[in-house]
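**Student:** Provided herewith: final-v7.txt, compact mmCIF, C-alpha atoms and all ligand atoms.
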# COMPACT_ATOMS: atom_id res chain seq x y z
CA MET A 5 7.42 7.93 -38.68
CA ARG A 6 6.76 6.21 -35.36
CA ASN A 7 4.64 8.32 -33.05
CA PRO A 8 6.76 9.80 -30.20
CA LEU A 9 3.92 9.16 -27.74
CA GLU A 10 3.86 5.48 -28.71
CA VAL A 11 7.61 5.31 -28.00
CA ARG A 12 7.18 7.11 -24.68
CA ASP A 13 4.37 4.81 -23.58
CA TYR A 14 6.23 1.68 -24.68
CA LEU A 15 9.33 2.68 -22.67
CA GLU A 16 7.21 3.58 -19.69
CA GLN A 17 5.26 0.32 -19.79
CA THR A 18 8.42 -1.74 -20.26
CA PHE A 19 10.68 -0.13 -17.69
CA GLN A 20 8.51 1.67 -15.15
CA ARG A 21 8.43 -0.20 -11.83
CA GLU A 22 5.66 0.12 -9.28
CA ASP A 23 6.30 3.12 -7.06
CA PRO A 24 3.54 3.40 -4.45
CA ILE A 25 5.31 6.19 -2.54
CA LEU A 26 5.58 8.51 -5.53
CA ASP A 27 2.13 7.49 -6.80
CA GLN A 28 0.77 8.67 -3.45
CA VAL A 29 2.79 11.90 -3.67
CA LYS A 30 1.30 12.65 -7.08
CA GLN A 31 -2.21 11.81 -5.93
CA ASP A 32 -1.91 14.08 -2.91
CA CYS A 33 -0.44 16.92 -4.97
CA ASP A 34 -3.38 16.62 -7.40
CA ALA A 35 -5.89 16.46 -4.56
CA GLN A 36 -4.41 19.63 -3.02
CA GLY A 37 -4.66 21.43 -6.34
CA LEU A 38 -0.96 21.81 -7.09
CA PRO A 39 -0.27 22.50 -10.78
CA ASP A 40 0.44 19.32 -12.71
CA ILE A 41 3.95 20.35 -13.73
CA HIS A 42 6.16 17.83 -11.95
CA ILE A 43 8.92 16.18 -13.89
CA SER A 44 8.02 12.79 -15.36
CA PHE A 45 8.89 9.52 -13.61
CA GLN A 46 11.57 8.94 -16.27
CA ALA A 47 13.11 12.36 -15.72
CA GLY A 48 13.00 11.67 -11.99
CA GLN A 49 14.81 8.39 -12.47
CA LEU A 50 17.36 10.19 -14.59
CA LEU A 51 18.01 12.55 -11.65
CA THR A 52 18.29 9.64 -9.18
CA PHE A 53 20.68 7.90 -11.56
CA LEU A 54 22.85 10.94 -12.26
CA ALA A 55 23.14 12.18 -8.69
CA GLY A 56 23.72 8.62 -7.49
CA ALA A 57 26.35 7.74 -10.10
CA PHE A 58 28.03 11.03 -9.26
CA ARG A 59 27.78 10.29 -5.52
CA ALA A 60 26.40 13.75 -4.85
CA GLN A 61 26.59 14.70 -1.17
CA ASN A 62 25.37 18.27 -1.28
CA ILE A 63 22.40 18.90 -3.54
CA LEU A 64 20.59 22.17 -4.22
CA GLU A 65 17.15 22.22 -5.80
CA ILE A 66 15.40 25.41 -6.92
CA GLY A 67 11.63 24.84 -7.11
CA THR A 68 10.34 22.18 -4.69
CA LEU A 69 6.64 22.17 -5.68
CA GLY A 70 5.24 19.06 -3.92
CA GLY A 71 8.59 17.35 -3.43
CA PHE A 72 8.28 14.85 -6.29
CA SER A 73 11.69 15.65 -7.79
CA THR A 74 13.16 16.22 -4.31
CA ILE A 75 12.31 12.63 -3.36
CA HIS A 76 13.87 11.36 -6.59
CA LEU A 77 17.04 13.29 -5.74
CA ALA A 78 16.96 12.10 -2.12
CA ARG A 79 16.84 8.49 -3.28
CA SER A 80 20.32 8.95 -4.73
CA LEU A 81 21.84 9.98 -1.42
CA GLN A 82 24.07 8.04 0.88
CA GLU A 83 23.52 8.51 4.60
CA LYS A 84 25.60 11.66 4.88
CA GLY A 85 24.11 13.28 1.78
CA ARG A 86 21.95 16.39 2.11
CA ILE A 87 19.52 18.42 -0.03
CA VAL A 88 18.59 22.07 0.30
CA THR A 89 15.44 22.82 -1.68
CA LEU A 90 14.00 26.30 -2.28
CA GLU A 91 10.27 26.99 -2.58
CA ARG A 92 8.55 30.36 -2.78
CA ASN A 93 5.00 29.19 -2.03
CA PRO A 94 4.54 28.33 1.68
CA ARG A 95 1.57 26.06 0.93
CA HIS A 96 3.60 24.08 -1.59
CA ALA A 97 6.44 23.85 0.92
CA GLU A 98 4.04 22.48 3.56
CA ILE A 99 2.76 19.81 1.17
CA ALA A 100 6.33 18.94 0.12
CA LYS A 101 7.37 18.66 3.76
CA LYS A 102 4.71 16.02 4.42
CA ASN A 103 5.58 14.12 1.26
CA ILE A 104 9.31 14.14 2.02
CA GLN A 105 8.59 13.01 5.57
CA ARG A 106 6.39 10.16 4.36
CA ALA A 107 9.12 9.08 1.95
CA GLY A 108 11.55 8.93 4.90
CA PHE A 109 13.91 11.75 3.95
CA SER A 110 13.13 14.48 6.51
CA ASN A 111 16.55 14.20 8.10
CA GLN A 112 18.33 14.77 4.81
CA VAL A 113 16.18 17.46 3.21
CA GLN A 114 15.95 21.09 4.27
CA ILE A 115 13.18 23.17 2.67
CA LEU A 116 13.82 26.91 2.61
CA VAL A 117 10.74 29.02 1.97
CA GLY A 118 11.22 32.33 0.18
CA HIS A 119 12.25 33.99 -3.05
CA ALA A 120 15.03 31.89 -4.56
CA ILE A 121 17.09 34.91 -5.60
CA GLU A 122 17.14 36.22 -2.02
CA LEU A 123 17.86 32.78 -0.57
CA LEU A 124 20.69 32.25 -3.08
CA ASP A 125 22.13 35.68 -2.23
CA GLN A 126 22.10 34.75 1.45
CA MET A 127 23.94 31.51 0.71
CA ILE A 128 26.50 33.37 -1.40
CA MET A 129 27.02 35.99 1.33
CA SER A 130 27.48 33.36 4.01
CA GLN A 131 30.12 31.62 1.87
CA ARG A 132 28.60 28.22 2.48
CA ASP A 133 30.28 25.12 1.08
CA PRO A 134 29.70 24.67 -2.65
CA PHE A 135 27.03 22.28 -3.88
CA ASP A 136 28.08 19.32 -6.00
CA PHE A 137 24.73 18.86 -7.78
CA ILE A 138 22.12 21.51 -8.61
CA PHE A 139 18.68 20.98 -10.16
CA ILE A 140 16.80 24.08 -11.32
CA ASP A 141 13.09 23.76 -12.05
CA ALA A 142 11.41 26.99 -10.97
CA ASP A 143 9.89 30.07 -12.67
CA LYS A 144 11.43 30.28 -16.13
CA LYS A 145 11.62 34.06 -16.40
CA ASN A 146 14.26 34.07 -13.67
CA THR A 147 16.38 31.17 -14.90
CA PRO A 148 19.19 33.42 -16.24
CA LYS A 149 19.46 34.93 -12.74
CA TYR A 150 19.43 31.52 -11.11
CA LEU A 151 22.28 30.48 -13.37
CA GLU A 152 24.27 33.58 -12.45
CA LYS A 153 23.73 32.93 -8.73
CA VAL A 154 24.42 29.20 -8.73
CA MET A 155 27.70 29.77 -10.55
CA GLN A 156 28.82 31.31 -7.25
CA LEU A 157 27.78 28.19 -5.32
CA VAL A 158 29.64 25.51 -7.27
CA LYS A 159 33.17 24.17 -7.60
CA LYS A 160 35.09 22.37 -10.31
CA GLY A 161 33.27 19.10 -11.02
CA SER A 162 29.83 20.23 -9.84
CA ILE A 163 26.84 19.32 -12.01
CA ILE A 164 24.00 21.68 -12.95
CA VAL A 165 20.74 20.43 -14.49
CA PHE A 166 17.94 22.67 -15.80
CA ASP A 167 14.42 21.49 -16.57
CA ASN A 168 12.27 23.05 -19.31
CA LEU A 169 14.57 24.45 -21.95
CA ILE A 170 11.79 24.60 -24.51
CA ALA A 171 9.27 27.47 -24.70
CA LYS A 172 5.62 26.55 -25.13
CA ARG A 173 5.00 29.01 -27.96
CA GLY A 174 6.72 31.37 -30.37
CA LYS A 175 9.88 30.93 -32.35
CA LEU A 176 12.43 29.04 -30.27
CA SER A 177 15.44 30.97 -31.52
CA ASN A 178 13.64 34.33 -31.51
CA PRO A 179 10.97 34.43 -28.80
CA ASP A 180 8.35 37.15 -28.48
CA PRO A 181 9.83 39.96 -26.30
CA GLN A 182 6.49 40.09 -24.40
CA ASP A 183 6.79 36.43 -23.39
CA ARG A 184 9.04 36.66 -20.34
CA THR A 185 8.97 32.91 -19.78
CA ALA A 186 10.16 32.15 -23.32
CA ILE A 187 12.74 34.96 -23.16
CA GLY A 188 14.07 33.57 -19.84
CA GLN A 189 14.35 30.07 -21.28
CA HIS A 190 16.11 31.14 -24.47
CA GLU A 191 18.44 33.54 -22.66
CA CYS A 192 19.38 30.88 -20.11
CA ASN A 193 20.08 28.37 -22.89
CA ARG A 194 22.37 30.89 -24.60
CA LEU A 195 24.16 31.69 -21.34
CA LEU A 196 24.67 28.01 -20.58
CA ALA A 197 26.12 27.36 -24.02
CA ALA A 198 28.42 30.40 -23.86
CA ASN A 199 29.68 29.95 -20.29
CA LYS A 200 33.43 29.27 -20.32
CA ARG A 201 33.27 27.55 -16.91
CA LEU A 202 30.67 25.06 -18.11
CA ASN A 203 30.60 22.14 -20.44
CA THR A 204 26.94 21.73 -21.38
CA PHE A 205 24.78 19.45 -23.47
CA ALA A 206 21.02 19.20 -23.74
CA LEU A 207 18.58 16.39 -24.47
CA PRO A 208 14.87 16.11 -25.15
CA VAL A 209 13.66 14.07 -22.16
CA THR A 210 9.98 14.85 -21.72
CA ILE A 211 7.12 14.16 -24.11
CA LYS A 212 3.84 15.54 -22.86
CA SER A 213 0.52 13.88 -23.71
CA ASP A 214 -0.23 16.57 -26.30
CA GLY A 215 3.04 15.72 -28.06
CA PHE A 216 4.96 18.73 -26.73
CA ILE A 217 8.64 17.85 -26.35
CA ASP A 218 10.68 19.47 -23.59
CA ALA A 219 14.39 19.24 -22.82
CA MET A 220 16.86 19.29 -19.94
CA SER A 221 20.41 20.64 -19.93
CA PHE A 222 23.34 18.97 -18.20
CA SER A 223 26.43 20.99 -17.35
CA ILE A 224 29.67 20.16 -15.60
CA VAL A 225 31.69 22.96 -14.01
CA THR A 226 35.20 22.79 -15.49
CA GLU A 227 36.89 25.48 -13.35
CA ASP A 228 36.60 26.59 -9.72
C1 LIG A 301 5.55 23.73 -16.81
C2 LIG A 301 6.31 22.59 -16.82
C3 LIG A 301 7.38 22.48 -15.96
O1 LIG A 301 8.16 21.38 -15.92
C4 LIG A 301 7.70 23.53 -15.12
O2 LIG A 301 8.78 23.38 -14.34
C5 LIG A 301 6.95 24.67 -15.12
C6 LIG A 301 5.87 24.78 -15.97
C7 LIG A 301 4.39 23.83 -17.74
O3 LIG A 301 4.13 22.85 -18.42
O4 LIG A 301 3.73 24.84 -17.75
MG MG A 302 9.88 21.64 -14.80
Transcribe the structure of this file into structure tokens.
**Tutor:**
Amino acid sequence: MRNPLEVRDYLEQTFQREDPILDQVKQDCDAQGLPDIHISFQAGQLLTFLAGAFRAQNILEIGTLGGFSTIHLARSLQEKGRIVTLERNPRHAEIAKKNIQRAGFSNQVQILVGHAIELLDQMIMSQRDPFDFIFIDADKKNTPKYLEKVMQLVKKGSIIVFDNLIAKRGKLSNPDPQDRTAIGQHECNRLLAANKRLNTFALPVTIKSDGFIDAMSFSIVTED
């Protein structure tokens, strides 16, 4: 069998273009001690491609971290497009703000600092316009709740993408009840698959250096 890492590296070397802006973002995030859990460049390009092909105008992101994925999403936008991105850690939000500014997207990106569940509840209460593209990449134990909330912030045709469907340890189809992260991931996967308002598929998209394979889900909302 061909080694998955060899395939990953070959694709990266063949297709990855120079990207000084995002290289700098990653360097700064590392230097500031942010956890090294950003999406990969390829996953980022997948987000730019999807949101761009879909002509998303109103994007919601849950989990900003240093703004790496936010900038990928922002690159898909036309002039009128906007992103709201939610981040619980004020220090991360500050770092993301600088990165987004340096990438030239300050006017199109709004960072909201706080607990995502509370921020989502506020958006639901205020009956804001639905989002047409949502990317969820935050704490995994709460992903089932994020799904429940975002279903109240979408319309027919909206797209929802989750990062990190795969638990790091334990049995995938029967995670350890003590492992709240794994339970959150598995529960969210089940809810996505069962949701009658969603048409969902999932793909392995990330191969970590230790060989760990992670996946993203892609859902389209089929009913208002
Ligand atoms: C990890 C990876 C992620 O993509 C994420 O969103 C959170 C955590 C991890 O590898 O621990
Ligand atoms: Mg992630």
**Student:** Could you give me the residues within 10 Å of ligand LIG 301 (chain A), counting all atoms listed in the file, as an MDAnalysis selection string?
**Tutor:** chainID A and resid 39:44 67:69 140:144 166:172 185 210 212 216 218:220
**Student:** Excluding same-chain residues fewer than 6 positions from Ile75 in chain A, what lies within 12 Å of it counting all atoms listed in the file, as a count of residues only?
**Tutor:** 36
**Student:** Excluding same-chain residues fewer than 4 positions from Ser162 in chain A, what lies within 10 Å of it counting only C-alpha atoms, as a PyMOL selection string?
**Tutor:** chain A and resi 58+60+62-63+134-138+155+157-158+202+223-228
**Student:** Considering all atoms listed in the file, state which residue in the set A:Leu123, A:Ala78, A:Ile164, A:Leu9 is at the smallest distance from Gly215 in chain A.
**Tutor:**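 Looking at the shortest contact to Gly215 in chain A, the residue is A:Leu9.
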**Student:** What would the list of residues within 9 Å of (19.8, 31.0, -3.9) (file frame) look like as an MDAnalysis selection string, if all atoms listed in the file are what count?
**Tutor:** chainID A and resid 64 66 90 119:128 150 153:154 157
**Student:** Rounded to one decimal place, report the CA of Ser213 in chain A-CA of Leu176 in chain A distance in Å.
**Tutor:**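 Separation between CA of Ser213 in chain A and CA of Leu176 in chain A: 20.4 Å.
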**Student:** Using CA of Arg95 in chain A and CA of Asp34 in chain A as the two end points, give the distance in Å to one decimal.
**Tutor:** 13.5 Å
